[in-house]
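Enquirer: Next comes the structure file target_11.json, holding JSON, C-alpha atoms.
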[["chain", "number", "residue", "atom", "x", "y", "z"],
["A", 3, "LEU", "CA", -24.09, 22.79, -3.37],
["A", 4, "ARG", "CA", -23.52, 21.20, 0.06],
["A", 5, "ARG", "CA", -20.02, 22.64, 0.49],
["A", 6, "LYS", "CA", -20.74, 26.29, -0.20],
["A", 7, "PRO", "CA", -24.15, 27.21, 1.26],
["A", 8, "GLU", "CA", -24.78, 30.54, 2.94],
["A", 9, "GLY", "CA", -23.97, 30.17, 6.64],
["A", 10, "ARG", "CA", -27.14, 31.51, 8.26],
["A", 11, "SER", "CA", -29.92, 30.31, 5.99],
["A", 12, "GLY", "CA", -28.20, 27.23, 4.56],
["A", 13, "LEU", "CA", -29.33, 28.23, 1.07],
["A", 14, "TYR", "CA", -27.03, 28.15, -1.94],
["A", 15, "LYS", "CA", -26.12, 31.57, -3.35],
["A", 16, "ALA", "CA", -23.99, 31.54, -6.49],
["A", 17, "GLU", "CA", -22.05, 34.78, -5.85],
["A", 18, "LEU", "CA", -21.19, 33.80, -2.28],
["A", 19, "ALA", "CA", -20.20, 30.29, -3.36],
["A", 20, "GLN", "CA", -17.89, 31.73, -6.01],
["A", 21, "ARG", "CA", -16.19, 34.03, -3.47],
["A", 22, "LYS", "CA", -15.74, 31.09, -1.03],
["A", 23, "CYS", "CA", -14.28, 28.98, -3.84],
["A", 24, "GLU", "CA", -11.79, 31.67, -4.89],
["A", 25, "SER", "CA", -10.80, 32.25, -1.25],
["A", 26, "SER", "CA", -10.16, 28.54, -0.65],
["A", 27, "HIS", "CA", -7.96, 28.39, -3.78],
["A", 28, "ILE", "CA", -5.82, 31.24, -2.46],
["A", 29, "GLU", "CA", -5.46, 29.55, 0.95],
["A", 30, "LYS", "CA", -4.71, 26.12, -0.59],
["A", 31, "ASN", "CA", -1.23, 24.73, -0.05],
["A", 32, "LYS", "CA", 0.84, 25.21, -3.16],
["A", 33, "LYS", "CA", 3.26, 22.55, -4.40],
["A", 34, "GLU", "CA", 6.28, 22.40, -2.15],
["A", 35, "ILE", "CA", 9.70, 22.80, -3.68],
["A", 36, "PHE", "CA", 12.03, 19.90, -2.91],
["A", 37, "THR", "CA", 14.34, 21.92, -0.69],
["A", 38, "GLY", "CA", 17.42, 20.62, 1.11],
["A", 39, "ASP", "CA", 15.49, 20.38, 4.39],
["A", 40, "ILE", "CA", 12.74, 18.32, 2.76],
["A", 41, "LYS", "CA", 15.32, 16.06, 1.06],
["A", 42, "THR", "CA", 17.03, 15.48, 4.41],
["A", 43, "PHE", "CA", 13.67, 14.62, 6.00],
["A", 44, "VAL", "CA", 12.76, 12.24, 3.16],
["A", 45, "ILE", "CA", 16.15, 10.49, 3.11],
["A", 46, "HIS", "CA", 16.10, 10.12, 6.90],
["A", 47, "TYR", "CA", 12.88, 8.12, 6.73],
["A", 48, "LEU", "CA", 13.64, 6.30, 3.47],
["A", 49, "VAL", "CA", 16.75, 4.70, 4.96],
["A", 50, "GLN", "CA", 14.57, 3.54, 7.86],
["A", 51, "ASP", "CA", 12.44, 1.69, 5.27],
["A", 52, "TYR", "CA", 9.45, 4.05, 5.42],
["A", 53, "SER", "CA", 7.48, 4.04, 2.18],
["A", 54, "PRO", "CA", 7.01, 7.36, 0.35],
["A", 55, "GLU", "CA", 3.32, 7.18, 1.34],
["A", 56, "GLN", "CA", 4.29, 6.82, 5.01],
["A", 57, "ILE", "CA", 6.77, 9.69, 4.77],
["A", 58, "VAL", "CA", 4.17, 12.08, 3.32],
["A", 59, "GLY", "CA", 1.61, 10.95, 5.91],
["A", 60, "TYR", "CA", 4.07, 11.45, 8.75],
["A", 61, "ALA", "CA", 5.03, 14.90, 7.48],
["A", 62, "ASN", "CA", 1.34, 15.84, 7.32],
["A", 63, "ARG", "CA", 0.82, 14.69, 10.92],
["A", 64, "LEU", "CA", 3.75, 16.89, 11.98],
["A", 65, "ASP", "CA", 2.48, 19.81, 9.85],
["A", 66, "LYS", "CA", 5.88, 19.70, 8.18],
["A", 67, "PRO", "CA", 6.23, 20.77, 4.55],
["A", 68, "CYS", "CA", 6.79, 17.85, 2.20],
["A", 69, "VAL", "CA", 6.56, 17.00, -1.48],
["A", 70, "SER", "CA", 4.13, 14.52, -3.02],
["A", 71, "VAL", "CA", 4.49, 10.75, -2.93],
["A", 72, "GLU", "CA", 5.13, 10.74, -6.67],
["A", 73, "ARG", "CA", 7.92, 13.34, -6.31],
["A", 74, "ILE", "CA", 9.62, 11.15, -3.67],
["A", 75, "TYR", "CA", 9.53, 8.18, -6.06],
["A", 76, "GLN", "CA", 10.99, 10.39, -8.81],
["A", 77, "PHE", "CA", 13.76, 11.44, -6.41],
["A", 78, "VAL", "CA", 14.53, 7.80, -5.56],
["A", 79, "TRP", "CA", 14.73, 6.77, -9.24],
["A", 80, "GLU", "CA", 16.94, 9.78, -10.03],
["A", 81, "ASP", "CA", 19.18, 8.70, -7.16],
["A", 82, "LYS", "CA", 19.35, 5.16, -8.57],
["A", 83, "LYS", "CA", 20.27, 6.45, -12.06],
["A", 84, "ASN", "CA", 23.12, 8.36, -10.43],
["A", 85, "GLY", "CA", 24.43, 5.24, -8.67],
["A", 86, "GLY", "CA", 22.61, 5.79, -5.37],
["A", 87, "SER", "CA", 21.06, 3.10, -3.21],
["A", 88, "LEU", "CA", 17.88, 4.70, -1.88],
["A", 89, "TYR", "CA", 15.79, 2.38, -4.09],
["A", 90, "LYS", "CA", 16.97, -0.56, -1.98],
["A", 91, "HIS", "CA", 14.83, 0.79, 0.87],
["A", 92, "LEU", "CA", 11.63, 0.64, -1.19],
["A", 93, "ARG", "CA", 9.40, -2.41, -0.91],
["A", 94, "ILE", "CA", 9.26, -3.00, -4.65],
["A", 95, "LYS", "CA", 12.84, -1.97, -5.47],
["A", 96, "GLY", "CA", 11.91, -1.31, -9.11],
["A", 97, "LYS", "CA", 11.72, -4.95, -10.18],
["A", 98, "LYS", "CA", 9.72, -5.90, -13.22],
["A", 99, "TYR", "CA", 7.12, -8.53, -12.55],
["A", 100, "LYS", "CA", 5.52, -11.07, -14.86],
["A", 101, "LYS", "CA", 2.01, -10.20, -15.86],
["A", 102, "ARG", "CA", -0.60, -12.07, -13.86],
["A", 103, "GLY", "CA", -3.07, -14.09, -15.84],
["A", 104, "ASN", "CA", -0.44, -15.51, -18.19],
["A", 105, "LEU", "CA", -1.67, -19.02, -18.94],
["A", 106, "ASN", "CA", 1.89, -20.36, -19.13],
["A", 107, "ASN", "CA", 2.78, -18.93, -15.72],
["A", 108, "ALA", "CA", 2.24, -21.47, -12.94],
["A", 109, "ARG", "CA", 3.61, -19.38, -10.09],
["A", 110, "GLY", "CA", 1.41, -19.10, -7.06],
["A", 111, "GLN", "CA", -0.63, -22.17, -7.95],
["A", 112, "ILE", "CA", -1.56, -24.08, -4.80],
["A", 113, "VAL", "CA", -2.54, -27.69, -5.31],
["A", 114, "GLY", "CA", -5.84, -28.67, -3.69],
["A", 115, "SER", "CA", -6.94, -25.11, -2.93],
["A", 116, "VAL", "CA", -10.57, -24.57, -1.91],
["A", 117, "ASP", "CA", -12.45, -21.63, -3.42],
["A", 118, "ILE", "CA", -13.48, -18.86, -1.02],
["A", 119, "THR", "CA", -17.14, -19.45, -1.93],
["A", 120, "GLN", "CA", -16.89, -22.77, -0.06],
["A", 121, "ARG", "CA", -15.95, -20.98, 3.18],
["A", 122, "PRO", "CA", -18.50, -21.37, 6.02],
["A", 123, "LYS", "CA", -20.79, -18.31, 6.36],
["A", 124, "VAL", "CA", -19.84, -17.84, 10.04],
["A", 125, "VAL", "CA", -16.28, -16.93, 8.96],
["A", 126, "GLU", "CA", -17.55, -13.89, 7.02],
["A", 127, "LYS", "CA", -18.78, -12.32, 10.27],
["A", 128, "LYS", "CA", -15.20, -12.15, 11.60],
["A", 129, "GLU", "CA", -16.48, -12.55, 15.15],
["A", 130, "ARG", "CA", -14.75, -15.77, 16.19],
["A", 131, "PHE", "CA", -11.16, -15.83, 17.37],
["A", 132, "GLY", "CA", -9.00, -17.49, 14.75],
["A", 133, "ASP", "CA", -11.10, -16.61, 11.70],
["A", 134, "LEU", "CA", -8.43, -14.57, 9.98],
["A", 135, "GLU", "CA", -8.32, -13.05, 6.54],
["A", 136, "ILE", "CA", -4.73, -13.39, 5.42],
["A", 137, "ASP", "CA", -2.72, -14.06, 2.32],
["A", 138, "LEU", "CA", -0.50, -17.11, 2.27],
["A", 139, "VAL", "CA", 3.18, -16.32, 1.98],
["A", 140, "VAL", "CA", 5.02, -19.37, 0.75],
["A", 141, "GLY", "CA", 8.72, -19.82, 1.47],
["A", 142, "ILE", "CA", 11.48, -21.45, -0.53],
["A", 143, "ASN", "CA", 10.67, -24.79, -2.18],
["A", 144, "HIS", "CA", 6.96, -23.91, -1.81],
["A", 145, "LYS", "CA", 6.48, -25.80, 1.44],
["A", 146, "GLU", "CA", 2.85, -26.05, 2.41],
["A", 147, "ILE", "CA", 2.60, -23.95, 5.56],
["A", 148, "ALA", "CA", -1.07, -24.80, 6.00],
["A", 149, "LYS", "CA", -0.28, -28.48, 6.52],
["A", 150, "GLN", "CA", 2.47, -27.62, 9.00],
["A", 151, "LEU", "CA", 0.11, -25.44, 11.03],
["A", 152, "ASN", "CA", -2.97, -27.67, 10.56],
["A", 153, "ILE", "CA", -5.09, -24.77, 9.27],
["A", 154, "ASP", "CA", -7.95, -24.75, 6.76],
["A", 155, "PHE", "CA", -7.46, -22.16, 4.03],
["A", 156, "PHE", "CA", -10.05, -20.87, 1.58],
["A", 157, "PHE", "CA", -8.61, -19.12, -1.45],
["A", 158, "ALA", "CA", -9.86, -15.92, -3.07],
["A", 159, "LYS", "CA", -9.94, -15.65, -6.83],
["A", 160, "PRO", "CA", -7.10, -13.68, -8.42],
["A", 161, "HIS", "CA", -8.02, -10.07, -9.26],
["A", 162, "HIS", "CA", -11.03, -10.18, -6.88],
["A", 163, "ASN", "CA", -9.76, -7.53, -4.45],
["A", 164, "TRP", "CA", -13.03, -7.50, -2.52],
["A", 165, "GLN", "CA", -12.34, -11.11, -1.48],
["A", 166, "ARG", "CA", -8.91, -10.30, -0.04],
["A", 167, "GLY", "CA", -9.42, -7.23, 2.11],
["A", 168, "ALA", "CA", -6.29, -5.27, 3.00],
["A", 169, "ASN", "CA", -3.76, -8.05, 2.50],
["A", 170, "GLU", "CA", -1.78, -6.54, -0.34],
["A", 171, "ASN", "CA", -0.20, -3.95, 1.95],
["A", 172, "LEU", "CA", 0.74, -6.65, 4.47],
["A", 173, "ASN", "CA", 2.31, -8.73, 1.70],
["A", 174, "GLY", "CA", 4.45, -5.75, 0.72],
["A", 175, "LEU", "CA", 5.66, -5.39, 4.29],
["A", 176, "VAL", "CA", 6.45, -9.10, 4.58],
["A", 177, "ARG", "CA", 8.34, -9.14, 1.27],
["A", 178, "GLN", "CA", 10.29, -6.01, 2.23],
["A", 179, "TYR", "CA", 12.00, -7.90, 5.04],
["A", 180, "PHE", "CA", 11.67, -11.49, 3.76],
["A", 181, "PRO", "CA", 12.26, -11.41, 0.00],
["A", 182, "LYS", "CA", 11.17, -14.18, -2.33],
["A", 183, "LYS", "CA", 13.16, -17.40, -1.98],
["A", 184, "THR", "CA", 13.63, -16.76, 1.77],
["A", 185, "ASN", "CA", 13.83, -20.02, 3.66],
["A", 186, "PHE", "CA", 11.23, -19.59, 6.42],
["A", 187, "ASP", "CA", 12.69, -22.59, 8.29],
["A", 188, "LEU", "CA", 15.64, -20.34, 9.18],
["A", 189, "ILE", "CA", 13.51, -17.55, 10.61]]
Render the structure in this file as structure tokens.

Expert:
Amino acid sequence: LRRKPEGRSGLYKAELAQRKCESSHIEKNKKEIFTGDIKTFVIHYLVQDYSPEQIVGYANRLDKPCVSVERIYQFVWEDKKNGGSLYKHLRIKGKKYKKRGNLNNARGQIVGSVDITQRPKVVEKKERFGDLEIDLVVGINHKEIAKQLNIDFFFAKPHHNWQRGANENLNGLVRQYFPKKTNFDLI
């Protein structure tokens, strides 16, 4: 009702709303065909380690025709099946991961962690310099970075996304360039 009111009076009129709806469907961008030009554009940015989401976003900013994110992933997996290496430029690289929550899986367990509910209330305001909301990336041999840096960490509960903010994307970027088992002492 809010999207299709009559322009002058602001009242909803069914016939006018239907005409506006049909008109917007005609003007809507149709699915793009994965042409040679689009493939060249996609490959150019894939090999520079852009994610499919970034490629589509960049194409939209340039008003350049592009296919969907899902279609780019399909293209990458087709390329891999045919012996290509485009998948190596993706952050995930098609690996299968162990299911989280497996009681027998001890990965990611940090001894002596303090629950996020124990964090001082002033930290939630995010006003002080140094009160950061980050995920801990642990290097080879699980060295305790917090002790090395003399930092207090408060840990969010697994599967409580609202306690972690936007850290998952950052973790993907870190792992793209520093895969698991990287020795951070050498960086």

Enquirer: What does the distance between CA of Asp65 (chain A) and CA of Asp51 (chain A) come to in Å, to one decimal place?

Expert: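 Those two atoms sit 21.2 Å apart.
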
Enquirer: At what distance in Å, to one decimal, does CA of Pro54 (chain A) lie from CA of Val69 (chain A)?

Expert: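 CA of Pro54 (chain A) lies at a distance of 9.8 Å from CA of Val69 (chain A).
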
Enquirer: Have a look at CA of Ile189 (chain A) and CA of Val116 (chain A) and let me know their distance in Å, one decimal.

Expert: 28.0 Å
